[in-house]
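This is protein_0.cif. It holds mmCIF, C-alpha atoms and all ligand atoms.
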```cif
data_upload
loop_
_atom_site.label_atom_id
_atom_site.label_comp_id
_atom_site.auth_asym_id
_atom_site.auth_seq_id
_atom_site.Cartn_x
_atom_site.Cartn_y
_atom_site.Cartn_z
CA MET R 1 -31.91 42.38 -28.63
CA LYS R 2 -33.59 39.00 -28.12
CA ILE R 3 -33.82 36.90 -31.27
CA ALA R 4 -35.11 33.50 -32.39
CA ILE R 5 -34.03 31.24 -35.26
CA VAL R 6 -36.28 29.31 -37.66
CA GLY R 7 -34.43 26.76 -39.82
CA CYS R 8 -31.55 24.91 -38.15
CA GLY R 9 -29.65 23.42 -41.07
CA PHE R 10 -26.27 24.01 -42.68
CA VAL R 11 -26.14 27.80 -42.63
CA ALA R 12 -27.61 28.15 -39.13
CA ASP R 13 -24.20 26.99 -37.85
CA TYR R 14 -22.54 29.98 -39.53
CA TYR R 15 -24.87 32.27 -37.59
CA MET R 16 -24.31 30.41 -34.33
CA LEU R 17 -20.54 30.59 -34.73
CA THR R 18 -20.61 34.33 -35.42
CA LEU R 19 -23.27 35.28 -32.84
CA ALA R 20 -20.35 35.37 -30.40
CA ASN R 21 -19.17 38.52 -32.23
CA HIS R 22 -22.37 40.28 -31.19
CA PRO R 23 -23.11 39.87 -27.48
CA GLU R 24 -25.99 42.34 -27.86
CA LEU R 25 -27.92 39.58 -29.68
CA GLU R 26 -29.43 37.01 -27.32
CA LEU R 27 -30.88 33.82 -28.78
CA VAL R 28 -34.02 32.77 -26.88
CA GLY R 29 -35.06 29.74 -28.93
CA ALA R 30 -35.17 28.00 -32.28
CA TYR R 31 -37.42 25.81 -34.39
CA ASP R 32 -36.97 23.42 -37.31
CA ARG R 33 -39.81 21.44 -38.85
CA ASP R 34 -37.47 18.48 -39.30
CA PRO R 35 -37.24 16.79 -35.88
CA VAL R 36 -33.81 15.32 -36.71
CA ALA R 37 -32.39 18.75 -37.57
CA ALA R 38 -34.07 20.28 -34.52
CA ALA R 39 -32.64 17.68 -32.15
CA ARG R 40 -29.14 17.92 -33.64
CA PHE R 41 -29.07 21.70 -33.44
CA GLY R 42 -30.54 21.91 -29.94
CA ARG R 43 -28.08 19.30 -28.63
CA HIS R 44 -24.98 20.77 -30.30
CA PHE R 45 -25.57 24.39 -29.36
CA GLY R 46 -27.60 23.93 -26.18
CA VAL R 47 -30.48 25.95 -27.61
CA ALA R 48 -34.08 25.62 -26.36
CA MET R 49 -36.04 24.17 -29.28
CA ALA R 50 -39.72 25.00 -29.73
CA ASP R 51 -42.21 22.28 -30.77
CA SER R 52 -43.84 24.38 -33.48
CA LEU R 53 -43.44 27.67 -35.30
CA ASP R 54 -46.45 29.04 -33.41
CA ALA R 55 -44.86 28.04 -30.09
CA LEU R 56 -41.61 29.77 -31.04
CA LEU R 57 -43.37 32.94 -32.18
CA ALA R 58 -45.35 32.98 -28.95
CA LEU R 59 -42.20 33.16 -26.79
CA PRO R 60 -42.33 36.34 -24.76
CA GLY R 61 -40.00 39.30 -25.11
CA PHE R 62 -38.12 38.67 -28.32
CA GLU R 63 -38.19 41.06 -31.27
CA LEU R 64 -36.39 39.58 -34.25
CA VAL R 65 -36.75 36.32 -36.19
CA LEU R 66 -33.82 34.99 -38.21
CA ASN R 67 -35.38 33.05 -41.08
CA LEU R 68 -32.72 30.52 -42.05
CA THR R 69 -35.02 28.06 -43.79
CA ASN R 70 -34.70 26.91 -47.40
CA PRO R 71 -35.70 29.55 -49.97
CA GLY R 72 -39.01 27.76 -50.68
CA SER R 73 -40.06 28.37 -47.06
CA HIS R 74 -38.88 31.97 -46.76
CA PHE R 75 -42.22 33.55 -47.63
CA ALA R 76 -44.40 31.46 -45.29
CA VAL R 77 -42.02 31.72 -42.32
CA SER R 78 -41.36 35.46 -42.73
CA LYS R 79 -45.07 36.14 -43.13
CA ALA R 80 -45.88 34.19 -39.96
CA ALA R 81 -43.19 36.11 -38.07
CA LEU R 82 -44.47 39.49 -39.28
CA ASP R 83 -48.06 38.46 -38.47
CA ALA R 84 -46.83 37.68 -34.96
CA GLY R 85 -45.39 41.20 -34.69
CA ARG R 86 -41.69 40.28 -35.02
CA HIS R 87 -39.07 41.97 -37.18
CA VAL R 88 -37.48 39.64 -39.75
CA TYR R 89 -33.97 39.03 -41.02
CA SER R 90 -34.27 36.48 -43.83
CA GLU R 91 -31.65 34.49 -45.63
CA LYS R 92 -31.72 35.38 -49.32
CA PRO R 93 -33.89 35.61 -51.36
CA LEU R 94 -36.79 37.29 -49.57
CA ALA R 95 -39.20 35.00 -51.46
CA MET R 96 -39.37 32.86 -54.59
CA SER R 97 -41.50 35.36 -56.54
CA VAL R 98 -41.47 39.12 -56.85
CA GLU R 99 -45.14 39.20 -55.83
CA ASP R 100 -44.48 37.28 -52.60
CA ALA R 101 -41.50 39.49 -51.78
CA GLU R 102 -43.67 42.58 -52.35
CA THR R 103 -46.33 41.14 -50.04
CA LEU R 104 -43.78 40.72 -47.25
CA VAL R 105 -42.35 44.22 -47.62
CA ARG R 106 -45.85 45.73 -47.67
CA LEU R 107 -46.93 43.70 -44.64
CA ALA R 108 -43.85 44.80 -42.69
CA ALA R 109 -44.46 48.45 -43.57
CA ASP R 110 -48.15 48.20 -42.60
CA LYS R 111 -47.18 46.78 -39.23
CA GLY R 112 -44.33 49.19 -38.61
CA LEU R 113 -41.82 46.32 -38.64
CA GLU R 114 -38.48 45.91 -40.42
CA ILE R 115 -37.66 43.16 -42.88
CA ALA R 116 -34.17 42.74 -44.29
CA ALA R 117 -32.35 39.97 -46.06
CA ALA R 118 -28.90 38.44 -46.27
CA PRO R 119 -26.24 38.60 -47.54
CA CYS R 120 -23.98 40.21 -44.98
CA SER R 121 -20.96 40.36 -47.31
CA TYR R 122 -21.35 44.12 -47.76
CA LEU R 123 -20.88 44.65 -44.01
CA GLY R 124 -17.28 43.43 -44.11
CA GLU R 125 -14.00 45.32 -43.93
CA ALA R 126 -13.07 44.58 -47.57
CA ALA R 127 -16.35 46.07 -48.84
CA GLU R 128 -15.72 49.09 -46.64
CA THR R 129 -12.32 49.53 -48.31
CA VAL R 130 -13.93 49.36 -51.75
CA ARG R 131 -16.66 51.79 -50.67
CA GLY R 132 -14.09 54.23 -49.30
CA ALA R 133 -12.01 54.07 -52.50
CA ILE R 134 -15.09 54.78 -54.63
CA GLU R 135 -16.14 57.64 -52.35
CA ARG R 136 -12.65 59.18 -52.54
CA SER R 137 -12.77 58.81 -56.35
CA ASP R 138 -9.55 56.74 -56.30
CA VAL R 139 -10.54 55.41 -59.73
CA GLY R 140 -12.08 58.67 -60.94
CA ALA R 141 -15.67 58.39 -62.15
CA VAL R 142 -16.85 54.76 -62.10
CA LYS R 143 -18.06 53.61 -65.52
CA LEU R 144 -18.08 49.82 -65.57
CA VAL R 145 -18.05 46.93 -63.08
CA TYR R 146 -17.36 43.22 -63.56
CA ALA R 147 -18.61 41.00 -60.75
CA GLU R 148 -17.93 37.27 -60.71
CA MET R 149 -19.81 34.73 -58.61
CA GLU R 150 -18.33 31.44 -59.78
CA ASP R 151 -18.57 29.06 -56.87
CA SER R 152 -16.06 26.50 -58.22
CA MET R 153 -16.98 23.11 -59.72
CA VAL R 154 -19.36 22.28 -56.90
CA PHE R 155 -21.14 19.30 -58.39
CA HIS R 156 -17.86 17.61 -59.36
CA GLU R 157 -16.79 17.72 -55.74
CA ASN R 158 -17.58 15.29 -52.96
CA TYR R 159 -20.41 17.44 -51.63
CA ARG R 160 -22.05 14.50 -49.82
CA SER R 161 -19.20 14.69 -47.32
CA TRP R 162 -19.81 18.35 -46.52
CA THR R 163 -21.36 18.88 -43.12
CA SER R 164 -21.62 21.86 -40.80
CA PRO R 165 -19.94 21.67 -37.36
CA SER R 166 -23.21 20.45 -35.80
CA GLY R 167 -23.48 17.76 -38.48
CA ALA R 168 -26.07 19.24 -40.88
CA PRO R 169 -25.50 17.96 -44.42
CA TRP R 170 -24.99 20.45 -47.26
CA PRO R 171 -28.45 20.54 -48.93
CA ALA R 172 -27.34 19.58 -52.45
CA GLU R 173 -30.78 18.82 -53.90
CA ASP R 174 -32.23 22.10 -52.71
CA GLU R 175 -29.20 24.12 -53.85
CA PHE R 176 -29.38 22.65 -57.36
CA ALA R 177 -33.18 23.08 -57.56
CA VAL R 178 -33.09 26.70 -56.38
CA GLY R 179 -30.14 27.63 -58.57
CA ALA R 180 -26.68 29.10 -58.16
CA THR R 181 -27.84 32.54 -59.25
CA LEU R 182 -30.67 32.84 -56.75
CA GLU R 183 -28.30 31.53 -54.09
CA HIS R 184 -25.40 33.85 -54.95
CA ALA R 185 -26.33 36.85 -57.11
CA GLY R 186 -27.40 38.74 -53.99
CA TYR R 187 -23.83 38.91 -52.72
CA PHE R 188 -22.50 41.33 -55.32
CA LEU R 189 -25.93 42.80 -56.21
CA THR R 190 -25.97 44.13 -52.64
CA TRP R 191 -22.58 45.78 -53.08
CA LEU R 192 -23.46 47.22 -56.48
CA CYS R 193 -26.83 48.62 -55.42
CA ALA R 194 -25.37 50.01 -52.18
CA PHE R 195 -22.60 51.73 -54.16
CA PHE R 196 -24.49 52.87 -57.24
CA GLY R 197 -28.20 52.91 -56.36
CA PRO R 198 -31.13 51.14 -58.00
CA VAL R 199 -30.96 49.33 -61.33
CA GLU R 200 -32.99 50.85 -64.12
CA GLU R 201 -32.61 48.14 -66.74
CA VAL R 202 -31.26 44.60 -66.90
CA THR R 203 -30.59 42.21 -69.76
CA ALA R 204 -30.05 38.71 -68.46
CA PHE R 205 -29.27 35.33 -69.98
CA ALA R 206 -29.48 32.05 -68.08
CA ALA R 207 -29.09 28.38 -69.00
CA ARG R 208 -28.91 24.93 -67.50
CA CYS R 209 -25.62 23.59 -68.80
CA PHE R 210 -25.27 20.40 -66.71
CA ASP R 211 -28.26 18.05 -66.49
CA ASP R 212 -26.68 15.59 -64.08
CA LYS R 213 -25.31 16.88 -60.80
CA GLY R 214 -25.03 13.48 -59.16
CA THR R 215 -28.22 13.84 -57.11
CA LYS R 216 -30.51 11.67 -59.29
CA GLN R 217 -32.84 14.66 -59.72
CA PRO R 218 -34.47 14.73 -63.16
CA PRO R 219 -33.07 17.57 -65.33
CA GLN R 220 -36.33 19.50 -65.16
CA ALA R 221 -35.99 19.62 -61.37
CA LEU R 222 -32.66 21.43 -61.71
CA ALA R 223 -32.51 25.19 -62.06
CA ASN R 224 -30.35 27.12 -64.50
CA ASP R 225 -26.74 26.77 -63.36
CA PHE R 226 -25.27 29.70 -65.25
CA SER R 227 -26.34 33.31 -65.75
CA VAL R 228 -25.04 36.63 -66.95
CA SER R 229 -26.80 39.90 -66.12
CA CYS R 230 -25.93 43.22 -67.69
CA LEU R 231 -27.19 45.98 -65.43
CA ARG R 232 -27.64 49.65 -66.08
CA PHE R 233 -27.97 51.67 -62.89
CA ARG R 234 -30.06 54.83 -62.68
CA SER R 235 -26.76 56.62 -62.09
CA GLY R 236 -25.65 55.53 -65.59
CA ILE R 237 -23.02 53.05 -64.40
CA VAL R 238 -23.00 49.69 -66.18
CA ALA R 239 -22.17 46.32 -64.61
CA ARG R 240 -21.93 42.72 -65.64
CA LEU R 241 -22.60 39.99 -63.06
CA THR R 242 -21.87 36.32 -63.79
CA CYS R 243 -23.08 33.46 -61.56
CA GLY R 244 -22.37 29.77 -61.92
CA LEU R 245 -21.17 26.58 -60.29
CA ALA R 246 -19.18 24.85 -63.00
CA ALA R 247 -16.22 27.13 -63.75
CA PRO R 248 -13.11 27.54 -61.59
CA ARG R 249 -13.76 29.55 -58.44
CA ASP R 250 -13.77 33.31 -58.97
CA ARG R 251 -15.51 35.73 -56.63
CA SER R 252 -13.69 38.83 -57.74
CA LEU R 253 -14.97 42.33 -58.35
CA HIS R 254 -13.45 44.90 -60.71
CA VAL R 255 -14.54 48.52 -60.58
CA ILE R 256 -13.33 50.39 -63.64
CA GLY R 257 -13.22 54.17 -63.59
CA THR R 258 -11.87 56.99 -65.70
CA ASP R 259 -8.63 57.12 -63.66
CA GLY R 260 -8.04 53.60 -62.43
CA VAL R 261 -9.20 50.08 -61.68
CA LEU R 262 -10.16 48.73 -58.28
CA SER R 263 -10.01 44.94 -57.83
CA LEU R 264 -11.20 42.79 -54.97
CA THR R 265 -10.05 39.17 -54.84
CA ASP R 266 -12.88 37.46 -52.94
CA GLY R 267 -16.32 38.85 -52.13
CA TRP R 268 -16.87 36.13 -49.50
CA ASP R 269 -13.85 37.11 -47.44
CA TYR R 270 -14.17 40.07 -45.06
CA GLN R 271 -10.36 40.42 -45.18
CA SER R 272 -10.02 40.01 -48.95
CA PRO R 273 -7.18 41.96 -50.57
CA VAL R 274 -8.22 45.05 -52.52
CA TYR R 275 -5.94 46.47 -55.21
CA LEU R 276 -5.79 49.75 -57.06
CA ARG R 277 -4.29 49.96 -60.54
CA GLU R 278 -3.87 52.54 -63.24
CA PRO R 279 -6.48 53.22 -65.95
CA ASP R 280 -4.86 50.76 -68.36
CA GLY R 281 -4.94 48.06 -65.67
CA ALA R 282 -1.19 48.26 -65.06
CA TRP R 283 0.56 48.77 -61.77
CA GLY R 284 2.94 51.71 -61.47
CA SER R 285 4.75 49.95 -58.67
CA SER R 286 7.74 51.15 -56.78
CA PRO R 287 10.31 50.03 -57.78
CA ALA R 288 9.05 50.54 -61.32
CA ILE R 289 10.86 47.45 -62.58
CA LEU R 290 8.52 45.25 -60.53
CA GLY R 291 5.51 46.78 -62.27
CA LYS R 292 7.15 46.10 -65.64
CA VAL R 293 7.87 42.46 -64.79
CA LEU R 294 4.32 41.90 -63.54
CA ARG R 295 2.91 43.57 -66.60
CA ARG R 296 4.86 41.22 -68.82
CA LEU R 297 3.72 38.23 -66.74
CA GLU R 298 0.13 39.41 -66.88
CA ARG R 299 0.16 39.37 -70.66
CA GLY R 300 0.16 35.59 -70.59
CA ARG R 301 -2.11 35.07 -67.61
CA PRO R 302 -5.20 36.67 -66.15
CA PHE R 303 -3.70 37.93 -62.91
CA ARG R 304 -6.11 40.79 -62.76
CA GLN R 305 -7.35 40.24 -59.23
CA TRP R 306 -3.97 39.95 -57.57
CA PHE R 307 -1.74 42.84 -58.58
CA GLY R 308 -1.76 46.55 -57.93
CA ARG R 309 -1.23 48.92 -55.04
CA ARG R 310 -2.73 47.13 -52.08
CA LEU R 311 -5.24 49.25 -50.19
CA PRO R 312 -5.47 48.84 -46.42
CA VAL R 313 -8.32 46.64 -45.19
CA LYS R 314 -9.19 47.25 -41.55
CA PRO R 315 -8.11 44.23 -39.51
CA SER R 316 -10.79 42.36 -37.61
CA THR R 317 -10.88 39.93 -34.72
CA ALA R 318 -14.42 38.81 -35.59
CA LYS R 319 -14.85 35.05 -35.63
CA VAL R 320 -15.71 33.77 -39.11
CA PRO R 321 -16.35 30.23 -40.37
CA GLY R 322 -13.19 28.39 -41.40
CA THR R 323 -14.75 27.65 -44.78
CA SER R 324 -14.77 29.55 -48.06
CA SER R 325 -17.45 31.86 -46.55
CA ARG R 326 -15.16 33.94 -44.34
CA MET R 327 -17.89 36.34 -43.26
CA ASP R 328 -19.46 37.36 -39.98
CA PHE R 329 -22.95 36.09 -40.79
CA ALA R 330 -24.48 37.49 -37.59
CA ARG R 331 -23.36 40.98 -38.58
CA GLY R 332 -26.44 41.16 -40.85
CA PRO R 333 -29.00 40.73 -38.07
CA ALA R 334 -26.77 42.82 -35.75
CA ALA R 335 -26.93 45.74 -38.20
CA LEU R 336 -30.71 45.36 -38.44
CA ALA R 337 -31.06 45.19 -34.65
CA ALA R 338 -28.94 48.34 -34.31
CA SER R 339 -31.24 50.21 -36.73
CA ILE R 340 -34.35 49.01 -34.91
CA LYS R 341 -32.91 50.03 -31.54
CA ALA R 342 -31.96 53.46 -32.86
CA LYS R 343 -35.44 53.78 -34.46
CA ARG R 344 -33.90 54.67 -37.83
CA ALA R 345 -34.80 53.12 -41.19
CA HIS R 346 -32.41 50.30 -41.97
CA ASP R 347 -30.08 50.97 -44.93
CA PHE R 348 -30.82 47.48 -46.24
CA GLY R 349 -34.49 47.30 -45.28
CA GLY R 350 -37.54 46.11 -47.21
CA ASP R 351 -37.30 48.20 -50.39
CA PHE R 352 -33.60 47.41 -50.80
CA ALA R 353 -34.08 43.67 -50.12
CA LEU R 354 -37.01 43.57 -52.55
CA HIS R 355 -34.92 45.16 -55.31
CA ILE R 356 -32.08 42.65 -54.79
CA THR R 357 -34.60 39.78 -54.75
CA GLU R 358 -36.24 40.96 -57.98
CA LEU R 359 -32.89 41.29 -59.79
CA ALA R 360 -31.78 37.85 -58.59
CA LEU R 361 -35.06 36.22 -59.66
CA VAL R 362 -34.85 37.80 -63.12
CA ALA R 363 -31.24 36.64 -63.52
CA GLN R 364 -32.01 33.09 -62.33
CA HIS R 365 -35.06 32.71 -64.57
CA ALA R 366 -34.07 35.01 -67.43
CA GLU R 367 -36.16 33.05 -69.95
CA ARG R 368 -39.36 34.00 -68.08
CA TYR R 369 -38.94 37.74 -68.53
CA PRO R 370 -38.93 40.09 -71.52
CA MET R 371 -35.48 41.58 -72.07
CA PRO R 372 -34.36 44.26 -71.50
CA TYR R 373 -36.23 44.11 -68.21
CA ARG R 374 -37.12 47.17 -66.19
CA PRO R 375 -37.39 46.32 -62.48
CA ARG R 376 -40.65 47.38 -60.83
CA SER R 377 -38.96 47.77 -57.44
CA THR R 378 -36.65 50.56 -56.43
CA PHE R 379 -35.24 52.09 -53.25
CA ALA R 380 -34.14 55.48 -52.02
CA HIS R 381 -30.45 56.23 -52.67
CA ASP R 382 -28.92 59.64 -52.30
CA GLY R 383 -25.85 58.80 -54.40
CA LYS R 384 -23.79 57.96 -51.33
CA ALA R 385 -23.18 54.35 -50.37
CA PRO R 386 -24.06 53.52 -46.75
CA LYS R 387 -21.02 52.82 -44.60
CA ALA R 388 -20.37 49.11 -44.77
CA GLN R 389 -19.74 48.58 -41.08
CA ALA R 390 -22.53 50.60 -39.56
CA ALA R 391 -23.25 47.92 -36.99
CA VAL R 392 -19.76 47.13 -35.82
N1 LIG R 401 -25.55 26.20 -47.60
C1 LIG R 401 -24.80 27.28 -47.61
O1 LIG R 401 -23.57 27.21 -47.71
C2 LIG R 401 -25.45 28.63 -47.48
C3 LIG R 401 -24.62 29.75 -47.32
C4 LIG R 401 -25.19 31.00 -47.19
C5 LIG R 401 -26.56 31.11 -47.20
N2 LIG R 401 -27.37 30.03 -47.37
C6 LIG R 401 -28.83 30.23 -47.37
O2 LIG R 401 -29.33 29.77 -46.12
C7 LIG R 401 -30.67 29.29 -46.26
C8 LIG R 401 -30.72 27.91 -45.66
O3 LIG R 401 -29.79 27.11 -46.33
P1 LIG R 401 -29.14 25.84 -45.65
O4 LIG R 401 -27.95 25.51 -46.46
O5 LIG R 401 -28.99 26.04 -44.20
O6 LIG R 401 -30.29 24.76 -45.91
P2 LIG R 401 -30.60 23.45 -45.06
O7 LIG R 401 -31.52 22.61 -45.86
O8 LIG R 401 -29.32 22.84 -44.58
O9 LIG R 401 -31.34 24.01 -43.76
C9 LIG R 401 -32.61 24.60 -43.83
C10 LIG R 401 -33.41 24.11 -42.64
O10 LIG R 401 -34.65 24.79 -42.63
C11 LIG R 401 -35.65 23.86 -42.26
N3 LIG R 401 -36.95 24.32 -42.76
C12 LIG R 401 -37.36 24.45 -44.04
N4 LIG R 401 -38.60 24.93 -44.10
C13 LIG R 401 -38.98 25.13 -42.83
C14 LIG R 401 -40.18 25.63 -42.23
N5 LIG R 401 -41.22 26.01 -42.99
N6 LIG R 401 -40.25 25.71 -40.91
C15 LIG R 401 -39.20 25.31 -40.13
N7 LIG R 401 -38.05 24.83 -40.63
C16 LIG R 401 -37.93 24.75 -41.97
C17 LIG R 401 -35.22 22.55 -42.86
O11 LIG R 401 -35.82 21.45 -42.21
C18 LIG R 401 -33.72 22.60 -42.70
O12 LIG R 401 -33.28 22.00 -41.52
C19 LIG R 401 -30.98 29.36 -47.75
O13 LIG R 401 -31.71 30.53 -48.00
C20 LIG R 401 -29.61 29.47 -48.41
O14 LIG R 401 -29.68 30.25 -49.59
C21 LIG R 401 -26.83 28.78 -47.49
#
```

Rewrite the structure from the file as structure tokens, please.
Ligand SMILES: NC(=O)c1ccc[n+]([C@@H]2O[C@H](COP(=O)([O-])OP(=O)(O)OC[C@H]3O[C@@H](n4cnc5c(N)ncnc54)[C@H](O)[C@@H]3O)[C@@H](O)[C@H]2O)c1
Amino acid sequence: MKIAIVGCGFVADYYMLTLANHPELELVGAYDRDPVAAARFGRHFGVAMADSLDALLALPGFELVLNLTNPGSHFAVSKAALDAGRHVYSEKPLAMSVEDAETLVRLAADKGLEIAAAPCSYLGEAAETVRGAIERSDVGAVKLVYAEMEDSMVFHENYRSWTSPSGAPWPAEDEFAVGATLEHAGYFLTWLCAFFGPVEEVTAFAARCFDDKGTKQPPQALANDFSVSCLRFRSGIVARLTCGLAAPRDRSLHVIGTDGVLSLTDGWDYQSPVYLREPDGAWGSSPAILGKVLRRLERGRPFRQWFGRRLPVKPSTAKVPGTSSRMDFARGPAALAASIKAKRAHDFGGDFALHITELALVAQHAERYPMPYRPRSTFAHDGKAPKAQAAV
């Protein structure tokens, strides 16, 4: 399928690097409103750059727009692409308000087009292992989930030195203004909603804990940098999701069932280890003495995401960025393109993306919503999680 990219900054490199994993996707052109970014991207990747969004959208024969702009531009760019008759794969969130996200999903439906959003983390081999274990009831009936999205002490680091391979700087000001939750909640929200269906009720708390992130932005220009969301799914399962950028890095997931505990070490790594432990969180290892030693060690330290019976994660030769985001970013649009080609509704299409966007917005701006909050969006879920690697 022929595709075009709008927004050629830091994350666009992740897509360019991983497009090689999906030869069925052919990039016909790109556009960035910043001439410096456009020139850098076009030069580095040898991509034909359009002079305007209209010029890009007028290119003949392509079907899908990858909207990789900053969140504040997602709505306008996706709307323009839909108006031009193109399917859309947007970086997260779909839009900066629930109303705008609803408008996009409605517009796509009216035009018979698909709109889907990142993240692609659910499409990885580690998520597939977790999905399979839940489907086989390895942990019995799932009751409770802890999901952590702590992206390390970002603003204490030398983030001004971070650049993508083509030289795009990490957009610190925008990241801090948009907020760690809106940037990251979608990663595990996607897994949880794919596994357990729509959320019926959420109680969220969010705060801005650090007023100075070294960018000279006034505090009021900075978004909340910490949030906790307690989610109750329609299926009755309960989950707690934490997002932040000041605590030590932790992107683990713990699925707690009646008969065991499933732990994933890193939700941003397609090859992350996945462990299975007994209902009390112990590891009945063989030889048993090893389990006993580890259990004693664990008493003093929170080793919870490292020990247990290791479940097989399908190996992959897919190219992934050599950063902390070890994911095949282009697998998201590839999965969408595969659905479009097969003329079947995409598992992570408009309704799903809207639900994830609404939950992320409520978590990011918890103080703006009455709690407990009942989401107005929902999506069809037959109690069975879609296979994580449908597109591969
Ligand atoms: N930075 C990361 O590590 C990272 C990782 C995963 C996902 N993301 C997501 O990717 C998206 C982009 O983030 P980024 O880090 O690449 O930001 P960035 O600022 O580096 O790049 C965004 C680019 O989009 C361009 N742009 C903005 N509005 C535009 C418009 N209306 N028309 C054309 N071009 C426009 C900007 O000029 C800029 O070059 C965000 O949604 C972010 O959440 C970022």

request  = Write out as a list of chain:residue names the residues lying within 12 Å of R:Asp280, counting all atoms listed in the file and excluding same-chain residues fewer than 5 positions away.
outcome  =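 Within the cut-off, the hits are R:Val139, R:Ile256, R:Gly257, R:Thr258, R:Asp259, R:Gly260, R:Val261, R:Leu262, R:Arg295, R:Arg304, R:Gly308.
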
Sorted by chain and rising residue number, which residues of chain R lie within 7 Å of ligand LIG 401 (chain R), and what are their closest atom pairs and distances in Å to one decimal, counting all atoms listed in the file, as a tab-separated table?
```
residue	atom	partner	partner_atom	distance
R:Val6	CA	R:LIG401	C15	5.5
R:Gly7	CA	R:LIG401	O10	3.4
R:Cys8	CA	R:LIG401	O12	4.8
R:Gly9	CA	R:LIG401	O9	3.2
R:Phe10	CA	R:LIG401	O5	3.7
R:Val11	CA	R:LIG401	O5	3.7
R:Ala12	CA	R:LIG401	O5	5.7
R:Tyr31	CA	R:LIG401	C15	6.0
R:Asp32	CA	R:LIG401	N7	3.8
R:Arg33	CA	R:LIG401	C15	4.1
R:Asp34	CA	R:LIG401	O11	4.5
R:Ala37	CA	R:LIG401	O12	5.2
R:Leu53	CA	R:LIG401	N6	6.7
R:Leu68	CA	R:LIG401	C7	4.8
R:Thr69	CA	R:LIG401	O10	3.5
R:Asn70	CA	R:LIG401	C8	4.5
R:Pro71	CA	R:LIG401	O13	4.6
R:Ser73	CA	R:LIG401	N4	4.8
R:Ala76	CA	R:LIG401	N5	6.7
R:Val77	CA	R:LIG401	N5	5.8
R:Glu91	CA	R:LIG401	O13	4.6
R:Lys92	CA	R:LIG401	O13	5.0
R:Pro93	CA	R:LIG401	O13	6.5
R:Ala168	CA	R:LIG401	O8	6.1
R:Pro169	CA	R:LIG401	O8	6.2
R:Trp170	CA	R:LIG401	O8	5.6
R:Pro171	CA	R:LIG401	O7	4.8
R:Asp174	CA	R:LIG401	O7	6.9
R:Glu183	CA	R:LIG401	O14	4.9
```

inquiry  = Report, in Å to a single decimal, how far apart atom CA of R:Ser97 and atom CA of R:Ser229 are.
reply    =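 That distance, rounded to one decimal, is 18.1 Å.
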
inquiry  = Report as a PyMOL selection string all protein, DNA and RNA residues lying within 6 Å of stretch 350-360 of chain R, evaluated on only C-alpha atoms, omitting residues in the same chain fewer than 2 positions from it.
reply    = chain R and resi 93+98+105+115-117+182+185+348+362-363+377-379

request  = Tell me which of R:Gly197, R:Ser263, R:Met149, R:Ser164 sits closest to R:Asp250, counting only C-alpha atoms.
outcome  =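 Residue with the minimum atom-to-atom distance to R:Asp250: R:Met149.
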
task = Kindly give the distance, in Å, that separates atom CA of R:Lys314 and atom CA of R:Glu125, rounded to a single decimal.
result =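 Value for the atom CA of R:Lys314-atom CA of R:Glu125 distance: 5.7 Å.
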
So which residues touch R:Tyr159 within 9 Å, counting all atoms listed in the file, skipping near sequence neighbours fewer than 3 positions away, as a JSON list (two decimals) with C-alpha atoms, keeping the file's coordinate frame?
```
[["chain", "number", "residue", "atom", "x", "y", "z"],
["R", 154, "VAL", "CA", -19.36, 22.28, -56.90],
["R", 155, "PHE", "CA", -21.14, 19.30, -58.39],
["R", 156, "HIS", "CA", -17.86, 17.61, -59.36],
["R", 162, "TRP", "CA", -19.81, 18.35, -46.52],
["R", 163, "THR", "CA", -21.36, 18.88, -43.12],
["R", 169, "PRO", "CA", -25.50, 17.96, -44.42],
["R", 170, "TRP", "CA", -24.99, 20.45, -47.26],
["R", 172, "ALA", "CA", -27.34, 19.58, -52.45]]
```

Using all atoms listed in the file, what table do you get, as a Markdown table, when you list each residue of stretch 354-382 of chain R with an atom no more than 8 Å from stretch 204-207 of chain R, its nearest pair of atoms, and their distance in Å rounded to one decimal, rows by chain then rising number?
```
| residue | atom | partner | partner_atom | distance |
| --- | --- | --- | --- | --- |
| R:Val362 | CA | R:Ala204 | CA | 7.2 |
| R:Ala363 | CA | R:Ala204 | CA | 5.5 |
| R:Gln364 | CA | R:Ala206 | CA | 6.4 |
| R:His365 | CA | R:Ala206 | CA | 6.6 |
| R:Ala366 | CA | R:Phe205 | CA | 5.4 |
| R:Glu367 | CA | R:Ala206 | CA | 7.0 |
| R:Met371 | CA | R:Ala204 | CA | 7.1 |
| R:Pro372 | CA | R:Ala204 | CA | 7.7 |
```

query = What gap, in Å, lies between atom CA of R:Ser52 and atom CA of R:Ala39?
reply = 13.1 Å

request  = Using only C-alpha atoms, find the one residue out of R:Asp51, R:Gly267, R:Arg232, R:Phe75 that sits nearest to R:Glu99.
outcome  = R:Phe75

inquiry  = Between R:Gly112, R:Arg136, R:Glu150, R:Thr190, which residue has the minimum interatomic distance to R:Arg344, considering all atoms listed in the file?
reply    =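 Using all atoms listed in the file, R:Arg344 sits closest to R:Gly112.
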
R:Ala221 surroundings by all atoms listed in the file, 10 Å radius, close-in-sequence under 5 positions cut, as an mmCIF file with C-alpha atoms, keeping the file's coordinate frame:
```
data_model
loop_
_atom_site.group_PDB
_atom_site.id
_atom_site.type_symbol
_atom_site.label_atom_id
_atom_site.label_comp_id
_atom_site.auth_asym_id
_atom_site.auth_seq_id
_atom_site.Cartn_x
_atom_site.Cartn_y
_atom_site.Cartn_z
ATOM 1 C CA GLU R 173 -30.780 18.820 -53.900
ATOM 2 C CA ASP R 174 -32.230 22.100 -52.710
ATOM 3 C CA PHE R 176 -29.380 22.650 -57.360
ATOM 4 C CA ALA R 177 -33.180 23.080 -57.560
ATOM 5 C CA VAL R 178 -33.090 26.700 -56.380
ATOM 6 C CA ASP R 211 -28.260 18.050 -66.490
ATOM 7 C CA LYS R 216 -30.510 11.670 -59.290
#
```
